[in-house]
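One file, target03.pdb, is given below (PDB, C-alpha atoms).
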```
ATOM      1  CA  SER A   1      13.599  14.188  47.098
ATOM      2  CA  SER A   2      17.127  14.139  45.671
ATOM      3  CA  SER A   3      16.498  10.767  44.072
ATOM      4  CA  SER A   4      13.279  11.961  42.467
ATOM      5  CA  SER A   5      14.907  15.101  41.067
ATOM      6  CA  SER A   6      17.838  13.145  39.668
ATOM      7  CA  SER A   7      15.567  10.640  37.991
ATOM      8  CA  SER A   8      13.425  13.344  36.387
ATOM      9  CA  SER A   9      16.436  15.208  35.015
ATOM     10  CA  ALA A  10      18.238  12.131  33.712
ATOM     11  CA  PRO A  11      17.857  11.311  30.007
ATOM     12  CA  ALA A  12      15.734   8.349  29.032
ATOM     13  CA  SER A  13      17.606   5.070  29.000
ATOM     14  CA  PRO A  14      17.431   2.839  25.905
ATOM     15  CA  THR A  15      16.028   0.102  28.090
ATOM     16  CA  THR A  16      14.174   0.619  31.330
ATOM     17  CA  THR A  17      12.525  -1.642  33.821
ATOM     18  CA  SER A  18       9.136  -0.577  32.487
ATOM     19  CA  GLY A  19      10.007  -1.364  28.890
ATOM     20  CA  SER A  20      11.810  -0.014  25.861
ATOM     21  CA  THR A  21      12.264   3.601  24.891
ATOM     22  CA  PRO A  22       9.211   5.055  23.139
ATOM     23  CA  TRP A  23       9.531   5.294  19.364
ATOM     24  CA  SER A  24       9.079   9.076  19.523
ATOM     25  CA  SER A  25      12.393   9.472  21.385
ATOM     26  CA  LEU A  26      14.415   7.538  18.767
ATOM     27  CA  VAL A  27      15.923   8.942  15.588
ATOM     28  CA  PRO A  28      13.809   7.677  12.643
ATOM     29  CA  LEU A  29      15.347   5.370  10.086
ATOM     30  CA  LYS A  30      15.637   7.231   6.809
ATOM     31  CA  CYS A  31      14.117   5.254   3.931
ATOM     32  CA  TYR A  32      14.222   5.824   0.174
ATOM     33  CA  VAL A  33      11.979   3.926  -2.258
ATOM     34  CA  PHE A  34      13.411   3.037  -5.682
ATOM     35  CA  ILE A  35      10.815   1.938  -8.248
ATOM     36  CA  ASP A  36      11.359   0.319 -11.640
ATOM     37  CA  GLY A  37       8.304   2.051 -13.053
ATOM     38  CA  THR A  38       8.088   0.326 -16.424
ATOM     39  CA  TRP A  39       8.301  -3.107 -14.799
ATOM     40  CA  LEU A  40       5.696  -2.114 -12.183
ATOM     41  CA  TYR A  41       3.329  -0.824 -14.868
ATOM     42  CA  TYR A  42       3.434  -4.040 -16.889
ATOM     43  CA  SER A  43       3.424  -6.340 -13.856
ATOM     44  CA  LEU A  44       0.372  -4.787 -12.222
ATOM     45  CA  TYR A  45      -1.605  -2.993 -14.921
ATOM     46  CA  LYS A  46      -1.062  -5.399 -17.805
ATOM     47  CA  ARG A  47      -0.726  -8.755 -16.058
ATOM     48  CA  HIS A  48      -1.802  -9.253 -12.470
ATOM     49  CA  ILE A  49      -4.764  -6.864 -12.123
ATOM     50  CA  PRO A  50      -6.463  -7.912 -15.404
ATOM     51  CA  LYS A  51      -5.953 -11.571 -14.492
ATOM     52  CA  ARG A  52      -7.505 -11.076 -11.074
ATOM     53  CA  TYR A  53     -10.242  -8.521 -11.811
ATOM     54  CA  GLY A  54     -10.933  -8.978 -15.525
ATOM     55  CA  ARG A  55      -9.696  -7.185 -18.612
ATOM     56  CA  ASP A  56     -12.172  -4.338 -18.163
ATOM     57  CA  TRP A  57     -11.092  -3.706 -14.554
ATOM     58  CA  GLU A  58     -10.382  -0.033 -15.271
ATOM     59  CA  ARG A  59     -14.096   0.529 -15.719
ATOM     60  CA  ARG A  60     -14.634  -0.187 -12.026
ATOM     61  CA  PHE A  61     -11.307   0.454 -10.290
ATOM     62  CA  ARG A  62      -8.312   2.724 -10.295
ATOM     63  CA  VAL A  63      -4.928   2.194  -8.672
ATOM     64  CA  ASP A  64      -4.308   4.858  -6.051
ATOM     65  CA  MET A  65      -0.522   5.239  -6.049
ATOM     66  CA  SER A  66      -0.746   7.954  -3.391
ATOM     67  CA  LYS A  67      -1.090   5.076  -0.911
ATOM     68  CA  LEU A  68       1.984   3.180  -2.124
ATOM     69  CA  ALA A  69       4.594   4.944   0.016
ATOM     70  CA  SER A  70       2.578   4.619   3.238
ATOM     71  CA  ILE A  71       1.781   0.950   2.536
ATOM     72  CA  LEU A  72       5.462   0.156   1.982
ATOM     73  CA  GLN A  73       6.413   2.127   5.080
ATOM     74  CA  ASP A  74       3.872   0.266   7.241
ATOM     75  CA  GLU A  75       4.938  -3.118   5.893
ATOM     76  CA  LEU A  76       8.596  -2.393   6.568
ATOM     77  CA  GLN A  77       7.757  -1.075  10.044
ATOM     78  CA  GLN A  78       6.062  -4.375  10.895
ATOM     79  CA  ARG A  79       9.135  -6.298   9.782
ATOM     80  CA  LEU A  80      11.400  -4.073  11.866
ATOM     81  CA  TYR A  81       9.301  -4.260  15.005
ATOM     82  CA  THR A  82      10.787  -7.578  16.136
ATOM     83  CA  SER A  83      14.372  -6.255  16.024
ATOM     84  CA  SER A  84      14.135  -2.480  16.420
ATOM     85  CA  GLN A  85      11.782   0.144  17.779
ATOM     86  CA  ARG A  86      13.007   2.910  15.506
ATOM     87  CA  VAL A  87      10.357   4.461  13.313
ATOM     88  CA  VAL A  88      10.685   4.157   9.539
ATOM     89  CA  ASP A  89      10.350   7.429   7.651
ATOM     90  CA  VAL A  90      10.022   7.294   3.857
ATOM     91  CA  GLU A  91      11.644  10.551   2.811
ATOM     92  CA  ARG A  92      11.877  10.105  -0.919
ATOM     93  CA  VAL A  93      10.293   7.989  -3.666
ATOM     94  CA  LEU A  94      12.296   7.731  -6.881
ATOM     95  CA  VAL A  95      10.665   6.292  -9.994
ATOM     96  CA  PHE A  96      12.484   5.321 -13.175
ATOM     97  CA  GLY A  97      10.640   4.447 -16.354
ATOM     98  CA  SER A  98      10.177   4.836 -20.082
ATOM     99  CA  LEU A  99       7.458   6.295 -22.277
ATOM    100  CA  SER A 100       5.988   4.802 -25.418
ATOM    101  CA  GLU A 101       4.114   6.725 -28.106
ATOM    102  CA  THR A 102       1.946   3.669 -28.714
ATOM    103  CA  ASP A 103       0.929   3.281 -25.054
ATOM    104  CA  PRO A 104      -0.773   6.456 -23.738
ATOM    105  CA  ALA A 105      -1.945   4.577 -20.631
ATOM    106  CA  ARG A 106       1.686   4.233 -19.563
ATOM    107  CA  THR A 107       2.099   8.001 -19.866
ATOM    108  CA  GLN A 108      -0.958   8.493 -17.636
ATOM    109  CA  PHE A 109       0.515   6.047 -15.125
ATOM    110  CA  PHE A 110       3.716   8.068 -14.782
ATOM    111  CA  GLN A 111       1.781  11.329 -14.648
ATOM    112  CA  HIS A 112      -0.199   9.902 -11.728
ATOM    113  CA  LEU A 113       3.094   9.152  -9.962
ATOM    114  CA  LYS A 114       4.307  12.706 -10.616
ATOM    115  CA  ASP A 115       1.074  14.032  -9.113
ATOM    116  CA  GLN A 116       2.022  12.243  -5.865
ATOM    117  CA  HIS A 117       5.244  14.315  -5.818
ATOM    118  CA  TYR A 118       7.360  11.256  -6.498
ATOM    119  CA  GLN A 119      10.676  11.970  -8.202
ATOM    120  CA  VAL A 120      10.106  10.542 -11.709
ATOM    121  CA  THR A 121      12.904  10.052 -14.264
ATOM    122  CA  LEU A 122      11.694   9.064 -17.729
ATOM    123  CA  PHE A 123      13.294   7.922 -20.967
ATOM    124  CA  GLN A 124      11.778   7.422 -24.410
ATOM    125  CA  SER A 125      11.224   3.750 -25.183
ATOM    126  CA  ARG A 126      13.326   3.045 -28.274
ATOM    127  CA  ASN A 127      15.447  -0.001 -29.058
ATOM    128  CA  HIS A 128      17.344  -0.844 -25.843
ATOM    129  CA  GLN A 129      16.287   2.239 -23.867
ATOM    130  CA  GLU A 130      14.912   0.032 -21.069
ATOM    131  CA  LYS A 131      18.509  -0.601 -20.003
ATOM    132  CA  LYS A 132      18.787   3.127 -19.295
ATOM    133  CA  VAL A 133      15.988   2.719 -16.776
ATOM    134  CA  ASP A 134      17.821  -0.078 -14.950
ATOM    135  CA  ILE A 135      21.179   1.717 -15.033
ATOM    136  CA  SER A 136      19.708   5.013 -13.842
ATOM    137  CA  LEU A 137      17.969   3.337 -10.903
ATOM    138  CA  ALA A 138      21.110   1.403  -9.913
ATOM    139  CA  VAL A 139      23.344   4.491 -10.156
ATOM    140  CA  ASP A 140      21.035   6.628  -8.012
ATOM    141  CA  MET A 141      20.696   3.881  -5.423
ATOM    142  CA  LEU A 142      24.488   3.531  -5.144
ATOM    143  CA  HIS A 143      24.893   7.323  -5.052
ATOM    144  CA  TYR A 144      22.558   7.769  -2.077
ATOM    145  CA  ALA A 145      24.060   4.716  -0.368
ATOM    146  CA  THR A 146      27.428   6.529  -0.266
ATOM    147  CA  GLU A 147      26.020   9.937   0.686
ATOM    148  CA  PRO A 148      26.467  10.753   4.405
ATOM    149  CA  SER A 149      22.915  12.114   4.460
ATOM    150  CA  GLY A 150      21.532   9.264   2.354
ATOM    151  CA  PHE A 151      19.203   6.460   3.332
ATOM    152  CA  ASP A 152      19.452   3.855   6.088
ATOM    153  CA  ILE A 153      17.118   1.429   4.300
ATOM    154  CA  ALA A 154      16.255   1.208   0.612
ATOM    155  CA  ILE A 155      12.962  -0.294  -0.537
ATOM    156  CA  ALA A 156      13.555  -1.639  -4.039
ATOM    157  CA  VAL A 157      10.333  -2.120  -6.019
ATOM    158  CA  ILE A 158      11.793  -4.348  -8.704
ATOM    159  CA  GLY A 159      11.589  -7.756 -10.339
ATOM    160  CA  ASP A 160      14.710  -7.910 -12.506
ATOM    161  CA  GLU A 161      17.866  -9.816 -11.597
ATOM    162  CA  ASP A 162      19.953  -7.047 -13.209
ATOM    163  CA  PHE A 163      19.707  -5.137  -9.925
ATOM    164  CA  VAL A 164      21.496  -7.830  -7.903
ATOM    165  CA  PRO A 165      24.985  -6.199  -8.176
ATOM    166  CA  ALA A 166      23.666  -2.795  -7.082
ATOM    167  CA  LEU A 167      21.796  -4.280  -4.116
ATOM    168  CA  SER A 168      24.899  -6.218  -3.109
ATOM    169  CA  ARG A 169      27.057  -3.075  -3.199
ATOM    170  CA  CYS A 170      24.562  -1.145  -1.101
ATOM    171  CA  ARG A 171      24.690  -3.815   1.572
ATOM    172  CA  LEU A 172      28.496  -3.678   1.532
ATOM    173  CA  LYS A 173      28.093   0.005   2.382
ATOM    174  CA  GLY A 174      26.175  -0.989   5.498
ATOM    175  CA  LYS A 175      22.729  -0.215   4.107
ATOM    176  CA  ARG A 176      19.749  -2.488   4.555
ATOM    177  CA  ILE A 177      17.531  -3.588   1.695
ATOM    178  CA  GLN A 178      13.817  -4.354   1.535
ATOM    179  CA  ILE A 179      12.631  -5.861  -1.748
ATOM    180  CA  ALA A 180       9.027  -5.352  -2.858
ATOM    181  CA  SER A 181       7.907  -7.251  -5.927
ATOM    182  CA  VAL A 182       5.027  -9.029  -7.672
ATOM    183  CA  LYS A 183       4.557 -12.784  -7.593
ATOM    184  CA  ASN A 184       5.178 -14.471 -10.953
ATOM    185  CA  SER A 185       6.876 -11.248 -12.150
ATOM    186  CA  CYS A 186       9.920 -11.527  -9.911
ATOM    187  CA  SER A 187      13.101 -13.145 -11.195
ATOM    188  CA  ARG A 188      13.910 -16.439  -9.506
ATOM    189  CA  ILE A 189      17.556 -15.378  -9.322
ATOM    190  CA  LEU A 190      16.502 -12.220  -7.475
ATOM    191  CA  GLN A 191      14.445 -14.273  -5.029
ATOM    192  CA  MET A 192      17.341 -16.676  -4.420
ATOM    193  CA  SER A 193      19.920 -13.904  -4.011
ATOM    194  CA  GLU A 194      19.069 -13.412  -0.303
ATOM    195  CA  LEU A 195      19.778  -9.702  -0.719
ATOM    196  CA  SER A 196      16.621  -8.586   1.080
ATOM    197  CA  ASP A 197      17.246  -8.040   4.787
ATOM    198  CA  PHE A 198      13.544  -8.537   5.446
ATOM    199  CA  LYS A 199      10.761 -10.795   4.245
ATOM    200  CA  TYR A 200       9.600  -9.849   0.765
ATOM    201  CA  ILE A 201       6.703  -7.427   0.350
ATOM    202  CA  TRP A 202       4.388  -8.834  -2.324
ATOM    203  CA  LEU A 203       2.524  -5.948  -3.937
ATOM    204  CA  ASP A 204      -0.169  -8.237  -5.379
ATOM    205  CA  ASP A 205      -1.179  -8.990  -1.782
ATOM    206  CA  MET A 206      -1.563  -5.230  -1.242
ATOM    207  CA  LEU A 207      -3.982  -4.714  -4.162
ATOM    208  CA  PRO A 208      -7.114  -4.401  -1.995
ATOM    209  CA  MET A 209      -5.429  -1.421  -0.321
ATOM    210  CA  LEU A 210      -4.238   0.120  -3.593
ATOM    211  CA  LEU A 211      -7.451  -0.275  -5.579
ATOM    212  CA  THR A 212     -10.250   2.232  -5.227
ATOM    213  CA  SER A 213     -13.723   1.666  -6.653
ATOM    214  CA  THR A 214     -14.624   4.149  -9.382
ATOM    215  CA  SER A 215     -18.314   3.230  -9.519
ATOM    216  CA  ASP A 216     -18.690   2.762  -5.762
ATOM    217  CA  LEU A 217     -21.806   0.667  -6.300
ATOM    218  CA  ALA A 218     -24.325   0.662  -3.458
ATOM    219  CA  MET A 219     -26.236  -2.481  -2.599
ATOM    220  CA  ASP A 220     -29.340  -1.263  -4.449
ATOM    221  CA  GLU A 221     -27.286  -0.597  -7.570
ATOM    222  CA  MET A 222     -25.723  -4.053  -7.325
ATOM    223  CA  ARG A 223     -29.168  -5.644  -7.088
ATOM    224  CA  GLU A 224     -30.317  -3.684 -10.134
ATOM    225  CA  ARG A 225     -27.252  -4.810 -12.066
ATOM    226  CA  GLU A 226     -27.800  -8.399 -11.001
ATOM    227  CA  GLU A 227     -31.427  -8.327 -12.098
ATOM    228  CA  GLU A 228     -30.408  -6.797 -15.434
ATOM    229  CA  ILE A 229     -27.910  -9.589 -16.103
ATOM    230  CA  ILE A 230     -30.229 -12.370 -14.921
ATOM    231  CA  SER A 231     -33.062 -10.989 -17.066
ATOM    232  CA  PHE A 232     -30.837 -11.078 -20.123
ATOM    233  CA  ILE A 233     -29.806 -14.701 -19.444
ATOM    234  CA  ILE A 234     -33.438 -15.784 -18.870
ATOM    235  CA  ASN A 235     -34.668 -14.049 -22.028
ATOM    236  CA  HIS A 236     -31.916 -15.679 -24.057
ATOM    237  CA  VAL A 237     -32.573 -19.253 -22.919
ATOM    238  CA  GLN A 238     -36.345 -18.699 -23.264
ATOM    239  CA  ASN A 239     -35.911 -17.680 -26.895
ATOM    240  CA  HIS A 240     -33.011 -19.925 -27.907
ATOM    241  CA  GLY A 241     -33.140 -22.841 -25.493
ATOM    242  CA  PRO A 242     -30.378 -24.146 -23.176
ATOM    243  CA  GLU A 243     -27.035 -22.453 -23.770
ATOM    244  CA  ASP A 244     -23.385 -23.352 -23.273
ATOM    245  CA  SER A 245     -21.600 -21.232 -20.645
ATOM    246  CA  ARG A 246     -18.820 -20.226 -23.027
ATOM    247  CA  THR A 247     -21.295 -18.872 -25.556
ATOM    248  CA  MET A 248     -23.210 -17.135 -22.785
ATOM    249  CA  GLY A 249     -19.981 -15.576 -21.577
ATOM    250  CA  LYS A 250     -19.303 -14.137 -25.038
ATOM    251  CA  LEU A 251     -22.815 -12.712 -25.186
ATOM    252  CA  LEU A 252     -22.388 -11.103 -21.765
ATOM    253  CA  LYS A 253     -19.005  -9.711 -22.751
ATOM    254  CA  ALA A 254     -20.496  -8.087 -25.859
ATOM    255  CA  ARG A 255     -22.906  -6.227 -23.554
ATOM    256  CA  ASN A 256     -20.195  -5.215 -21.023
ATOM    257  CA  MET A 257     -21.731  -7.513 -18.415
ATOM    258  CA  LEU A 258     -19.068 -10.212 -18.064
ATOM    259  CA  GLY A 259     -16.711  -8.077 -15.949
ATOM    260  CA  ASP A 260     -19.462  -7.442 -13.388
ATOM    261  CA  VAL A 261     -20.401 -11.137 -13.407
ATOM    262  CA  ARG A 262     -16.827 -11.964 -12.399
ATOM    263  CA  VAL A 263     -16.034  -9.160  -9.969
ATOM    264  CA  LEU A 264     -19.403  -8.573  -8.291
ATOM    265  CA  PHE A 265     -20.865 -12.092  -8.318
ATOM    266  CA  GLY A 266     -17.866 -14.449  -8.473
ATOM    267  CA  GLY A 267     -18.508 -15.914 -11.919
ATOM    268  CA  LEU A 268     -21.385 -17.095 -14.086
ATOM    269  CA  HIS A 269     -21.938 -20.400 -12.292
ATOM    270  CA  LYS A 270     -22.189 -18.722  -8.874
ATOM    271  CA  LEU A 271     -24.526 -16.060 -10.250
ATOM    272  CA  CYS A 272     -26.887 -18.633 -11.754
ATOM    273  CA  SER A 273     -26.743 -20.677  -8.546
ATOM    274  CA  ARG A 274     -28.065 -17.634  -6.662
ATOM    275  CA  HIS A 275     -31.210 -17.853  -8.811
ATOM    276  CA  GLN A 276     -32.016 -21.554  -8.710
ATOM    277  CA  ASP A 277     -35.730 -20.744  -8.784
ATOM    278  CA  LYS A 278     -35.239 -19.335 -12.297
ATOM    279  CA  LEU A 279     -32.103 -20.929 -13.750
ATOM    280  CA  ARG A 280     -30.349 -24.280 -13.591
ATOM    281  CA  CYS A 281     -26.776 -25.299 -14.433
ATOM    282  CA  TYR A 282     -26.057 -28.786 -15.770
ATOM    283  CA  LYS A 283     -23.067 -30.802 -16.932
ATOM    284  CA  ASN A 284     -22.058 -30.265 -20.519
ATOM    285  CA  PHE A 285     -20.824 -33.624 -21.780
ATOM    286  CA  LYS A 286     -19.625 -32.189 -25.078
ATOM    287  CA  GLU A 287     -17.468 -29.499 -23.469
ATOM    288  CA  ARG A 288     -15.789 -30.605 -20.261
ATOM    289  CA  THR A 289     -14.459 -27.126 -19.514
ATOM    290  CA  SER A 290     -17.894 -25.503 -19.602
ATOM    291  CA  PHE A 291     -21.421 -26.140 -18.380
ATOM    292  CA  GLY A 292     -24.919 -25.624 -19.678
ATOM    293  CA  ILE A 293     -27.558 -23.138 -18.565
ATOM    294  CA  CYS A 294     -31.316 -23.611 -18.867
ATOM    295  CA  LEU A 295     -34.483 -22.413 -17.201
ATOM    296  CA  ALA A 296     -35.419 -24.121 -13.958
ATOM    297  CA  THR A 297     -38.579 -25.341 -15.690
ATOM    298  CA  GLN A 298     -36.735 -26.673 -18.762
ATOM    299  CA  THR A 299     -35.350 -30.152 -19.207
ATOM    300  CA  ALA A 300     -31.591 -30.182 -19.618
ATOM    301  CA  PRO A 301     -30.226 -32.058 -22.632
ATOM    302  CA  ALA A 302     -29.545 -35.633 -21.515
ATOM    303  CA  ALA A 303     -26.154 -37.277 -21.942
ATOM    304  CA  SER A 304     -27.771 -39.757 -24.316
ATOM    305  CA  THR A 305     -28.590 -36.958 -26.751
ATOM    306  CA  ALA A 306     -24.924 -36.320 -27.363
ATOM    307  CA  SER A 307     -23.491 -37.754 -30.542
ATOM    308  CA  SER A 308     -21.838 -41.163 -30.429
ATOM    309  CA  SER A 309     -18.459 -39.509 -30.969
ATOM    310  CA  SER A 310     -18.824 -37.436 -27.828
ATOM    311  CA  PRO A 311     -16.401 -38.265 -25.004
ATOM    312  CA  PRO A 312     -17.727 -40.028 -21.928
ATOM    313  CA  PRO A 313     -19.000 -37.895 -19.028
ATOM    314  CA  PRO A 314     -16.231 -36.489 -16.815
ATOM    315  CA  SER A 315     -15.580 -38.029 -13.419
ATOM    316  CA  SER A 316     -17.344 -36.611 -10.406
ATOM    317  CA  SER A 317     -14.165 -34.893  -9.185
ATOM    318  CA  SER A 318     -13.479 -33.126 -12.474
ATOM    319  CA  SER A 319     -17.099 -32.142 -13.012
ATOM    320  CA  SER A 320     -17.377 -30.664  -9.544
ATOM    321  CA  SER A 321     -14.221 -28.630  -9.964
ATOM    322  CA  SER A 322     -15.295 -27.271 -13.358
ATOM    323  CA  SER A 323     -18.789 -26.404 -12.207
ATOM    324  CA  SER A 324     -17.609 -24.739  -9.018
ATOM    325  CA  SER A 325     -15.190 -22.448 -10.813
ATOM    326  CA  GLY A 326     -17.792 -21.169 -13.283
ATOM    327  CA  PHE A 327     -17.191 -19.617 -16.666
ATOM    328  CA  GLY A 328     -16.317 -16.229 -15.235
ATOM    329  CA  ASP A 329     -13.425 -17.695 -13.234
ATOM    330  CA  SER A 330     -11.755 -19.639 -16.020
ATOM    331  CA  SER A 331     -12.028 -17.271 -18.943
TER     332      SER A 331
END
```

If you convert what's in this file into structure tokens, what do you get?
Amino acid sequence: SSSSSSSSSAPASPTTTSGSTPWSSLVPLKCYVFIDGTWLYYSLYKRHIPKRYGRDWERRFRVDMSKLASILQDELQQRLYTSSQRVVDVERVLVFGSLSETDPARTQFFQHLKDQHYQVTLFQSRNHQEKKVDISLAVDMLHYATEPSGFDIAIAVIGDEDFVPALSRCRLKGKRIQIASVKNSCSRILQMSELSDFKYIWLDDMLPMLLTSTSDLAMDEMREREEEIISFIINHVQNHGPEDSRTMGKLLKARNMLGDVRVLFGGLHKLCSRHQDKLRCYKNFKERTSFGICLATQTAPAASTASSSSPPPPSSSSSSSSSSSGFGDSS
């Protein structure tokens, strides 16, 4: 009985025969997130998202920045799990950015971050004001790195090599660094600096978790939209004959249909292939980067009808790659 009473009153050991100490009994690791807001805005909103989801992506999606802190926390927790069982706790998110009178969407972006109770510091974008953003972020990061009650780990949402000295100094203070960035928007020098204590978090890989559908189309609505687009294509080729995919893409874009063709159906070629009983795609020998569209009952223009100055038909490998990508994927 004495042994049982002593064991019940003794504090939990860091390591026991049954396993490690539960996370709940360990002091959480304090984490601050430092965000270069102007860089993040241009990297995601102006470059990566439009490239991946089309230029009119905002008609169907919105970026839910309320999820950003929890996503970063979960990603960092997974990276820590192999070396530590301490829980990561994001206590503060600090955003630094600049406003532009000619870009109201950027103002809305920062307002959305403020609505999430992130600590947002803004400057007016004039001349070299962007340097104020970088300096302000670096100064605050170094300040909290030297504060006794500051962070244990800093998540730096950045892509600029100008932050390398600040990150290096924070590590000299015994702080750990997690870098989160965007592929193709992250400085090569920053990637080669080896200043991140953990594997990079690539925010472009997190987009499915950050994006929320604004239209929230149901299957019936998608079918109706598909029939609407297919009907337009059929009517056009009935009245005007076989059409080049690039021209068809421009016509669809003028009717706000091209974005849905890309996002909902994977491109024009894939959409037409779903309706082989009505439409047919064929090689366009005049334009190697596009293809032709005609009715299933129509005869496609033969290669021999091309002018004598037309280039020879593309090889089977190039034609298959161009036809599989479809117009919606390449434009």

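Of note, atom CA of A:Val139 and atom CA of A:Ser70 are spaced 24.7 Å apart.
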
List the neighbours of stretch 228-242 of chain A out to 10 Å using all atoms listed in the file; skip same-chain residues closer than 3 positions along the sequence, and give me the result as a ChimeraX atom specification. /A:222-225,245,248,251-252,255,257-258,260-261,271-272,275,278-282,292-296,298-301

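Close contacts of stretch 48-51 of chain A, defined as residues with an atom at most 9 Å away when counting all atoms listed in the file, with chain neighbours fewer than 2 positions off set aside, comprise A:Tyr42, A:Ser43, A:Leu44, A:Tyr45, A:Lys46, A:Tyr53, A:Gly54, A:Arg55, A:Asp56, A:Trp57, A:Glu58, A:Val182, A:Lys183, A:Asn184, A:Ser185, A:Asp204, A:Leu207.
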
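Distances here use all atoms listed in the file; by that measure, the residue among A:Glu243, A:Arg59, A:Tyr41, A:Phe198 closest to A:Asp103 is A:Tyr41.
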
Excluding A:Gln111 and its own-chain neighbours fewer than 4 positions away, which residues fall within 12 Å of it when counting only C-alpha atoms? Please give them as a short mmCIF file (atom, residue, chain, number, x, y, z; two decimals) with C-alpha atoms, in the frame of the given file.
```cif
data_model
loop_
_atom_site.label_atom_id
_atom_site.label_comp_id
_atom_site.auth_asym_id
_atom_site.auth_seq_id
_atom_site.Cartn_x
_atom_site.Cartn_y
_atom_site.Cartn_z
CA GLY A 37 8.30 2.05 -13.05
CA MET A 65 -0.52 5.24 -6.05
CA VAL A 95 10.66 6.29 -9.99
CA GLY A 97 10.64 4.45 -16.35
CA SER A 98 10.18 4.84 -20.08
CA LEU A 99 7.46 6.30 -22.28
CA PRO A 104 -0.77 6.46 -23.74
CA ALA A 105 -1.94 4.58 -20.63
CA ARG A 106 1.69 4.23 -19.56
CA THR A 107 2.10 8.00 -19.87
CA ASP A 115 1.07 14.03 -9.11
CA GLN A 116 2.02 12.24 -5.86
CA HIS A 117 5.24 14.32 -5.82
CA TYR A 118 7.36 11.26 -6.50
CA GLN A 119 10.68 11.97 -8.20
CA VAL A 120 10.11 10.54 -11.71
CA THR A 121 12.90 10.05 -14.26
CA LEU A 122 11.69 9.06 -17.73
#
```

My structure is short of atoms at stretch 198-209 of chain A; please model N, CA and C atoms there, returning them as a short mmCIF file (atom, residue, chain, number, x, y, z; two decimals), in the coordinates of the input.
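To be explicit, this is the file written out as selection.cif:
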```cif
data_model
loop_
_atom_site.label_atom_id
_atom_site.label_comp_id
_atom_site.auth_asym_id
_atom_site.auth_seq_id
_atom_site.Cartn_x
_atom_site.Cartn_y
_atom_site.Cartn_z
N PHE A 198 14.84 -8.26 4.82
CA PHE A 198 13.54 -8.54 5.45
C PHE A 198 12.71 -9.40 4.50
N LYS A 199 11.67 -9.99 5.04
CA LYS A 199 10.76 -10.80 4.24
C LYS A 199 10.17 -9.96 3.11
N TYR A 200 10.09 -10.56 1.95
CA TYR A 200 9.60 -9.85 0.76
C TYR A 200 8.23 -9.22 1.02
N ILE A 201 8.02 -8.04 0.41
CA ILE A 201 6.70 -7.43 0.35
C ILE A 201 6.13 -7.76 -1.02
N TRP A 202 5.01 -8.48 -1.05
CA TRP A 202 4.39 -8.83 -2.32
C TRP A 202 3.27 -7.84 -2.60
N LEU A 203 3.47 -7.02 -3.64
CA LEU A 203 2.52 -5.95 -3.94
C LEU A 203 1.17 -6.49 -4.37
N ASP A 204 1.12 -7.69 -4.97
CA ASP A 204 -0.17 -8.24 -5.38
C ASP A 204 -1.04 -8.56 -4.17
N ASP A 205 -0.41 -8.79 -3.01
CA ASP A 205 -1.18 -8.99 -1.78
C ASP A 205 -1.72 -7.67 -1.24
N MET A 206 -1.16 -6.55 -1.71
CA MET A 206 -1.56 -5.23 -1.24
C MET A 206 -2.64 -4.60 -2.13
N LEU A 207 -3.05 -5.30 -3.20
CA LEU A 207 -3.98 -4.71 -4.16
C LEU A 207 -5.28 -4.21 -3.53
N PRO A 208 -5.89 -4.94 -2.59
CA PRO A 208 -7.11 -4.40 -2.00
C PRO A 208 -6.92 -3.03 -1.35
N MET A 209 -5.70 -2.74 -0.91
CA MET A 209 -5.43 -1.42 -0.32
C MET A 209 -5.11 -0.37 -1.38
#
```
